[in-house]
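Step one of this worksheet: look at the structure below.
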Amino acid sequence: GIALIPSLRPDLVMCAGDKVAGQKASLGTTQLQAMWAGFDRQVLRPLRRAGLPFVPAMGNHDASSSLVGGRFAFERERQEASRYWRRQQGDLGLTYADASGFPFFYSVLQDGLFLLVLDASSAQIPAEQLRWAERSLTSAGARGARRRLVMGHLPLLGVSQGRDTAGNVLAQSLELRQLLERAQVEAYISGHQHAYYPGRLGQLD
């Protein structure tokens, strides 16, 4: 797949999460760093050598935002994901509109495309992040873009059997969908379901 992508001459490579195999409390720092090194070697470096900009979103196996007792259940994984991606931040070929929450949530303005990335690595997106998303999508940069896309790991609806359950879809899917429709977002791109399923929900692809 990595060898094929450059031949398709994409403008941008977007990854909707789960680049490594975390979400496992027994993994130590050395193991987490080794997984990110493997991803770097096998996926990111070849794509960047081909000159392709790369946009990552965090998945539940990269840096789950699940909370237990008000704390991140996989805090070490979030720390290692942040450490890895902050080192790559300036070398992804991206023009950031707002990188204040990178790599968990941020926005990019690239060749007429406004792309907003959410931390949808668990079913709950914090209210303050949704407010940030609304401010971002109504900013001058977003309104002036030819296209607006939003990417997050968990989907708005379940599209594969066994993953159409609570915890496998966004809890605030209706609220988020309405927000994106108001901002005239073209599509929400998600992962997690292990199924390729293009569809349309209201005014949103």
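To be explicit about the labels: the chains of the structure tokens are called A, B, and onward in the order shown, and within each one the residues are counted from 1, while ligands get numbers from 1 in the order they are shown.
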Write out as a PDB file with all heavy atoms, in the first residue's frame each polymer residue whose atoms come within 6 Å of stretch 133-143 of chain A, counting only C-alpha atoms; drop sequence neighbours fewer than 3 positions from it.
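Contents of around-v6.pdb, freshly written:
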ATOM      1  N   PHE A 114      -9.456  23.513   3.803  1.00  0.00           N
ATOM      2  CA  PHE A 114      -9.394  23.674   5.255  1.00  0.00           C
ATOM      3  C   PHE A 114      -9.732  22.322   5.861  1.00  0.00           C
ATOM      4  O   PHE A 114     -10.814  21.781   5.656  1.00  0.00           O
ATOM      5  CB  PHE A 114     -10.378  24.730   5.748  1.00  0.00           C
ATOM      6  CG  PHE A 114     -10.235  25.018   7.229  1.00  0.00           C
ATOM      7  CD1 PHE A 114      -9.312  25.952   7.681  1.00  0.00           C
ATOM      8  CD2 PHE A 114     -11.000  24.333   8.163  1.00  0.00           C
ATOM      9  CE1 PHE A 114      -9.168  26.219   9.043  1.00  0.00           C
ATOM     10  CE2 PHE A 114     -10.857  24.585   9.525  1.00  0.00           C
ATOM     11  CZ  PHE A 114      -9.943  25.532   9.968  1.00  0.00           C
ATOM     12  N   LEU A 130     -15.191  20.869  21.113  1.00  0.00           N
ATOM     13  CA  LEU A 130     -16.262  21.152  20.153  1.00  0.00           C
ATOM     14  C   LEU A 130     -16.406  22.657  19.950  1.00  0.00           C
ATOM     15  O   LEU A 130     -16.646  23.114  18.825  1.00  0.00           O
ATOM     16  CB  LEU A 130     -17.573  20.533  20.625  1.00  0.00           C
ATOM     17  CG  LEU A 130     -17.648  19.008  20.557  1.00  0.00           C
ATOM     18  CD1 LEU A 130     -18.940  18.513  21.177  1.00  0.00           C
ATOM     19  CD2 LEU A 130     -17.507  18.504  19.124  1.00  0.00           C
ATOM     20  N   ALA A 183     -21.367  24.697   9.264  1.00  0.00           N
ATOM     21  CA  ALA A 183     -20.122  25.260   8.732  1.00  0.00           C
ATOM     22  C   ALA A 183     -19.877  24.857   7.278  1.00  0.00           C
ATOM     23  O   ALA A 183     -18.828  25.169   6.732  1.00  0.00           O
ATOM     24  CB  ALA A 183     -18.949  24.816   9.595  1.00  0.00           C
TER      25      ALA A 183
END
Check which residues of stretch 54-75 of chain A sit at most 12 Å from stretch 87-97 of chain A using only C-alpha atoms, and return one row each with the closest pair of atoms and their distance in Å to one decimal, ordered by chain and rising number, as a tab-separated table.
residue	atom	partner	partner_atom	distance
A:Phe54	CA	A:Leu92	CA	5.4
A:Val55	CA	A:Leu92	CA	7.3
A:Pro56	CA	A:Leu92	CA	9.3
* To do: Run DSSP on the backbone of this structure and report the residues of chain A it assigns to helix (DSSP H, G or I), as number ranges by chain.
  => A: 5-8, 29-49, 60-63, 75-91, 127-137, 140-144, 173-182
Save out the residues we just selected, C-alpha atoms, as an mmCIF file, in the first residue's frame.
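Result file selection_29.cif:
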data_model
loop_
_atom_site.group_PDB
_atom_site.id
_atom_site.type_symbol
_atom_site.label_atom_id
_atom_site.label_comp_id
_atom_site.auth_asym_id
_atom_site.auth_seq_id
_atom_site.Cartn_x
_atom_site.Cartn_y
_atom_site.Cartn_z
ATOM 1 C CA ILE A 5 0.232 5.593 -2.808
ATOM 2 C CA PRO A 6 2.852 7.807 -4.537
ATOM 3 C CA SER A 7 1.854 6.428 -7.944
ATOM 4 C CA LEU A 8 -1.676 7.773 -7.364
ATOM 5 C CA THR A 29 7.771 3.114 27.161
ATOM 6 C CA THR A 30 10.393 1.144 25.208
ATOM 7 C CA GLN A 31 7.711 -0.876 23.431
ATOM 8 C CA LEU A 32 5.660 2.204 22.582
ATOM 9 C CA GLN A 33 8.724 3.994 21.225
ATOM 10 C CA ALA A 34 9.600 0.918 19.153
ATOM 11 C CA MET A 35 6.138 0.890 17.587
ATOM 12 C CA TRP A 36 6.364 4.561 16.633
ATOM 13 C CA ALA A 37 9.863 3.944 15.233
ATOM 14 C CA GLY A 38 8.419 1.129 13.107
ATOM 15 C CA PHE A 39 5.647 3.389 11.834
ATOM 16 C CA ASP A 40 8.190 6.083 11.063
ATOM 17 C CA ARG A 41 10.391 3.679 9.117
ATOM 18 C CA GLN A 42 7.687 1.767 7.231
ATOM 19 C CA VAL A 43 5.025 4.422 6.611
ATOM 20 C CA LEU A 44 5.855 8.048 7.273
ATOM 21 C CA ARG A 45 9.416 8.264 5.897
ATOM 22 C CA PRO A 46 8.594 6.610 2.530
ATOM 23 C CA LEU A 47 5.599 8.909 2.035
ATOM 24 C CA ARG A 48 7.558 12.017 2.960
ATOM 25 C CA ARG A 49 10.461 10.977 0.700
ATOM 26 C CA ASN A 60 -7.733 4.701 20.252
ATOM 27 C CA HIS A 61 -4.661 2.493 19.710
ATOM 28 C CA ASP A 62 -2.399 5.537 19.242
ATOM 29 C CA ALA A 63 -3.437 7.764 22.135
ATOM 30 C CA GLU A 75 -1.598 8.547 29.725
ATOM 31 C CA ARG A 76 1.784 7.022 28.806
ATOM 32 C CA GLU A 77 0.545 6.252 25.287
ATOM 33 C CA ARG A 78 -0.643 9.836 24.840
ATOM 34 C CA GLN A 79 2.715 11.112 26.066
ATOM 35 C CA GLU A 80 4.646 8.937 23.609
ATOM 36 C CA ALA A 81 2.324 9.812 20.718
ATOM 37 C CA SER A 82 2.714 13.504 21.506
ATOM 38 C CA ARG A 83 6.498 13.166 21.769
ATOM 39 C CA TYR A 84 6.754 11.366 18.423
ATOM 40 C CA TRP A 85 4.428 13.666 16.476
ATOM 41 C CA ARG A 86 5.828 16.905 17.886
ATOM 42 C CA ARG A 87 9.197 15.860 16.500
ATOM 43 C CA GLN A 88 7.580 15.353 13.080
ATOM 44 C CA GLN A 89 5.336 18.417 13.170
ATOM 45 C CA GLY A 90 7.524 20.697 11.067
ATOM 46 C CA ASP A 91 8.332 17.980 8.530
ATOM 47 C CA ALA A 127 -17.183 20.313 25.100
ATOM 48 C CA GLU A 128 -14.274 22.756 24.945
ATOM 49 C CA GLN A 129 -12.885 20.955 21.907
ATOM 50 C CA LEU A 130 -16.262 21.152 20.153
ATOM 51 C CA ARG A 131 -16.314 24.893 20.893
ATOM 52 C CA TRP A 132 -12.794 25.149 19.441
ATOM 53 C CA ALA A 133 -13.982 23.252 16.345
ATOM 54 C CA GLU A 134 -16.885 25.657 15.872
ATOM 55 C CA ARG A 135 -14.619 28.693 16.207
ATOM 56 C CA SER A 136 -12.146 27.162 13.765
ATOM 57 C CA LEU A 137 -14.762 26.248 11.179
ATOM 58 C CA ALA A 140 -11.942 33.580 8.026
ATOM 59 C CA GLY A 141 -9.490 30.912 6.850
ATOM 60 C CA ALA A 142 -12.126 28.198 6.911
ATOM 61 C CA ARG A 143 -14.813 30.342 5.291
ATOM 62 C CA GLY A 144 -12.417 31.395 2.529
ATOM 63 C CA SER A 173 -22.676 12.417 16.765
ATOM 64 C CA LEU A 174 -25.833 14.476 16.193
ATOM 65 C CA GLU A 175 -24.320 17.597 17.789
ATOM 66 C CA LEU A 176 -21.131 17.221 15.758
ATOM 67 C CA ARG A 177 -22.978 16.533 12.519
ATOM 68 C CA GLN A 178 -25.127 19.648 12.976
ATOM 69 C CA LEU A 179 -22.029 21.731 13.724
ATOM 70 C CA LEU A 180 -20.338 20.484 10.545
ATOM 71 C CA GLU A 181 -23.428 21.083 8.442
ATOM 72 C CA ARG A 182 -23.747 24.660 9.717
#
* To one decimal in Å, tell me the separation between atom CA of A:Ser122 and atom CA of A:Asn168. =>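 Taking atom CA of A:Ser122 and atom CA of A:Asn168, their separation equals 7.8 Å.
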* Quick one: DSSP strand (DSSP E or B) residues in stretch 3-74 of chain A, as a PyMOL selection string? -> chain A and resi 13-15+54-56+67-68+71-72
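If you look at atom CA of A:Val20 and atom CA of A:Ser121, they are 13.0 Å away from each other.
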